2 protein chains.
Amino acid sequence: MKTVPLHSTKKAAIACHNCSLSELCLPRGLTREELDLLENSINKTVKIKKKDYLFHRDDNQHAIFAVKAGAVKTSLSTPDGEEQILGFYLPGDLLGFDAFAHDRHTCDAQALDDTLVCELSMENFQELCGKLPAMRGQMMRQIGTEIEREQMLLLTLGQMRTEERLATFLSSLSERNRERGFSANEFNLPMARHDLANYLGMAVETLSRMFSRLQEENIISVQHRLVKIADMSRLKQLAHHTCRPASDVL
Amino acid sequence: MKTVPLHSTKKAAIACHNCSLSELCLPRGLTREELDLLENSINKTVKIKKKDYLFHRDDNQHAIFAVKAGAVKTSLSTPDGEEQILGFYLPGDLLGFDAFAHDRHTCDAQALDDTLVCELSMENFQELCGKLPAMRGQMMRQIGTEIEREQMLLLTLGQMRTEERLATFLSSLSERNRERGFSANEFNLPMARHDLANYLGMAVETLSRMFSRLQEENIISVQHRLVKIADMSRLKQLAHHTCRPASDVL
DNA sequence: ACAGCGCTTTGATTCACATCAAGAAAACGA
DNA sequence: TCGTTTTCTTGATGTGAATCAAAGCGCTGT
C-alpha cells in the first residue's frame with residue numbers, strides 16, 4: 001500500500017523512437033532532435049506492481065506518467081474512507097495533470113495490474129514545455145482530453161440512470177479499443193466490479209444487475225471480465241446521451 | 001440564444017494594471033513588461049448580456065475568458081435535450097480550457113447575468129505561453145484548479161447524498177467569497193434553483209427541500225437567492241466529505 | 001487437490017429521491 | 001399599476017437503486 005520508490009525500479013531500454021504508443025503520447029509531432037531531448041528527461045519503463053501506487057495525494061514528488069502496459073486508476077477519498085474513482089488509464093494514456101495547481105497530486109493513483117509506465121518529473125516537464133513548442137501543444141491537447149473526459153463523466157453521473165451509465169462506459173471502452181487497434185467487440189475489463197461500480201457511482205450489486213440485464217437483452221455477453229458486444233447499435237442507442245463521437249473519452 | 005459577436009462590443013479602458021482581480025487572474029506573477037504584452041493581446045471588458053452565450057460547443061472561434069463581473073455557467077447537453085451544468089464562473093475565474101484538445105469548445109458557456117469578461121484568443125494565448133514562462137506557469141495553475149474543481153464535483157455527484165451536496169456547495173461558495181474579500185456568512189447565489197439543482201445532480205424540488213431542511217436545522221437561512229450561514233461549523237461538518245481546505249474550489 | 005478467501009451474482013426489503021400536482025411568491029412586461 | 005409568466009416551495013405518491021442477506025464461483029497458495 002506504499003508508494004513505490006521509483007528510482008529503485010530498473011530502466012529498460014525501450015525508447016520513444018520504438019514505442020508503439022508514441023503517436024498517442026507526448027512524442028506526437030516532435031522532430032527527431034526534440035524526441036532525443038524528451039527521451040533524456042524521462043524514466044523509461046518503470047515497473048509498478050499490481051496494487052502499488054504511482055503516487056499519493058499530497059506527495060511532494062510529482063510527475064507526469066505515461067502508461068505503456070497494464071492499467072491505473074486514480075481516486076479521491078474522503079476522511080471517512082469513502083472514495084470516488086476518477087479515471088482509468090490504459091496504455092497510451094497520460095496522467096498526473098492534477099498536480100498543476102498546487103505542486104502536489106490531488107488524488108491517488110494505483111496500479112490495477114502489473115503496469116509499465118514512463119515517468120517525466122514535473123521539473124523536466126516544465127523545462128521541455130518551455131523549449132519545445134510542439135511538446136507544449138501536445139501537452140495542451142492531452143490536458144484538454146483529460147478535461148473532456150471528466151466533463152463526460154460529470155454528465156454520466158449527473159444525468160444518466162444506471163443502465164445508461166454502463167452502456168456509455170462499455171461503448172467508450174469499445175471505441176478506445178478500436179482506436180488502439182484492438183477488437184471493438186470483444187475485450188477484457190481492466191478493473192474489478194467494485195472499481196467500476198464506484199467509478200459509475202452505483203452499488204456493486206446494481207452494476208452486476210445491469211450487466212445481467214444487458215446480457216438478457218442480448219446486447220452483450222459477459223463472463224468474469226470478458227465482455228463481448230453482440231449488438232453495438234443497440235448499445236450505442238442506450239448510451240445515446242454521449243455527445244461527441246466518443247473518441248479519446250473513456 | 002445566439003453567440004454574441006464579441007468584436008461588436010466595445011473595449012473599455014480598464015487595464016490589467018488597475019484590475020482588482022489581477023492577482024487571481026493570468027497577470028499574477030508577471031513583470032510590468034510582460035503585463036504590457038498580455039494587455040495588448042486581450043479584449044478588455046467585453047460586455048455580455050444575461051442569457052447570451054460566450055461560446056457554444058463546436059464554435060470554431062475559441063478563446064480563454066476571464067470573468068470581471070457577473071457570472072457564467074458552462075454546460076454539456078445531450079441530443080435529447082438534457083443538460084449537465086459543469087461549472088459556475090465568478091469574478092476572477094477563467095474559463096475556456098475545454099477547447100485545448102480539439103480546437104473547439106466542448107461545452108456551452110452562458111451568462112447568468114449581465115457580465116463583463118476579458119477575452120484572450122487561443123492564438124494569442126498560445127503565443128504568450130511560448131514567450132512568457134511566468135504566464136505558462138500561471139496558466140498551468142489555472143488548469144490545475146479547473147481539474148481539481150471537476151474532480152471535487154465528481155466526488156460530490158458520485159458519493160454524496162443530496163443534503164451533503166448542498167452543504168458542500170454552500171461551504172465552497174462561502175470560502176470563495178471570503179477569499180475574494182466578501183462576507184463568508186452572507187451572500188447572494190448567482191444562479192437560479194434550476195441551475196443549481198442540475199449542477200448538483202438532483203431535482204429542483206429536492207434542492208428546495210434541502211434548503212428548507214438546512215433552514216429548519218438552523219444551519220442557514222434563505223430567502224430567494226440570499227443565503228445567510230448561521231452555523232458554519234455544522235455546515236462544514238455536513239460537508240465533511242470535502243477534502244482540501246476547499247480553496248479555489250467551487 | 002483441496003481448503004479458504006475474495007469476488008460476483010441473485011433475491012428480498014427498504015429508502016432516498018424523482019415525479020406528479022398544486023399553490024405561493026417574485027419577476028417581468030405592457 | 002396590474003396581469004401574466006416564471007420561479008420557488010410544499011405535499012402526496014411512486015420507483016430506481018441502495019442495502020441487507022446469502023449462495024455460487026473462481027483464485028490463491030500450500
# chains A, B, ... in the order shown; residues from 1 in each chain; ligands from 1
>>> residues_around(residues="C:DG6", least_positions_apart="6", cutoff="10 Å", atoms="only C-alpha atoms (C1' of nucleotides)", output="number ranges by chain")
D: 26-28
>>> write_last_selection(atoms="C-alpha atoms (C1' of nucleotides)", output="PDB file, in the first residue's frame")
ATOM      1  C1'  DG D  26     -13.020 -18.627  -9.307  1.00  0.00           C
ATOM      2  C1'  DC D  27      -8.498 -17.708  -7.445  1.00  0.00           C
ATOM      3  C1'  DT D  28      -4.813 -18.201  -4.045  1.00  0.00           C
TER       4       DT D  28
END
>>> interface_residues(of="chain A", to="chain C", cutoff="10 Å", atoms="only C-alpha atoms (C1' of nucleotides)", output="MDAnalysis selection string")
chainID A and resid 192:194 204:205 208:209 212 224
>>> atom_distance(atom1="atom CA of B:Phe211", atom2="atom CA of B:Glu163")
8.4 Å
>>> atom_distance(atom1="atom CA of B:Leu76", atom2="atom CA of A:Phe169")
17.3 Å
>>> select_by_dssp(residues="stretch 53-245 of chain A", states="helix (DSSP H, G or I)", output="VMD selection string")
chain A and resid 97 to 100 122 to 131 133 to 159 162 to 179 193 to 199 204 to 216 232 to 238
>>> interface_residues(of="chain A", to="chain B", cutoff="6 Å", atoms="only C-alpha atoms", output="list in words")
Thr78, Gln84, Asp98, Phe100, Ala101, Met140, Arg141, Gly144, Thr145, Leu155, Gly158, Gly201, His241 and Cys243 of chain A
>>> write_last_selection(atoms="N, CA and C atoms", output="compact mmCIF listing (two decimals), in the first residue's frame")
# COMPACT_ATOMS: atom_id res chain seq x y z
N THR A 78 -12.30 10.45 0.93
CA THR A 78 -12.79 11.36 1.95
C THR A 78 -12.28 10.91 3.31
N GLN A 84 -13.97 8.03 -4.46
CA GLN A 84 -14.55 8.14 -5.80
C GLN A 84 -13.44 7.93 -6.80
N ASP A 98 -3.19 16.58 -12.45
CA ASP A 98 -3.89 17.13 -11.30
C ASP A 98 -2.97 17.93 -10.37
N PHE A 100 -0.98 20.29 -11.13
CA PHE A 100 -0.62 21.60 -11.70
C PHE A 100 -0.90 22.78 -10.76
N ALA A 101 -2.01 22.72 -10.06
CA ALA A 101 -2.41 23.89 -9.29
C ALA A 101 -1.57 24.08 -8.03
N MET A 140 -0.98 20.40 -24.18
CA MET A 140 -2.28 21.04 -24.06
C MET A 140 -3.40 20.17 -24.62
N ARG A 141 -3.10 19.45 -25.68
CA ARG A 141 -4.11 18.52 -26.20
C ARG A 141 -4.44 17.46 -25.16
N GLY A 144 -6.53 18.91 -22.46
CA GLY A 144 -7.89 19.09 -22.97
C GLY A 144 -8.65 17.78 -22.96
N THR A 145 -7.96 16.72 -23.33
CA THR A 145 -8.58 15.40 -23.33
C THR A 145 -9.01 15.00 -21.94
N LEU A 155 -21.43 14.39 -16.78
CA LEU A 155 -22.72 14.21 -17.44
C LEU A 155 -23.29 12.84 -17.10
N GLY A 158 -24.32 12.79 -13.37
CA GLY A 158 -25.37 13.73 -13.02
C GLY A 158 -26.70 13.46 -13.68
N GLY A 201 -20.61 5.46 -10.02
CA GLY A 201 -21.49 6.00 -8.99
C GLY A 201 -22.66 5.11 -8.63
N HIS A 241 -26.86 9.30 -24.82
CA HIS A 241 -26.51 10.55 -24.16
C HIS A 241 -25.16 11.06 -24.62
N CYS A 243 -22.20 12.55 -26.44
CA CYS A 243 -22.29 13.62 -27.41
C CYS A 243 -21.31 13.42 -28.55
>>> interface_residues(of="chain D", to="chain B", cutoff="9 Å", atoms="only C-alpha atoms (C1' of nucleotides)", output="count of residues only")
4
>>> residues_around(residues="A:Leu128", least_positions_apart="5", cutoff="9 Å", atoms="only C-alpha atoms (C1' of nucleotides)", output="list in words")
Leu37, Leu38, Ser41, Glu123, Pro133, Met135 and Arg136 of chain A
>>> atom_distance(atom1="atom CA of A:Leu170", atom2="atom CA of A:Leu235")
8.2 Å
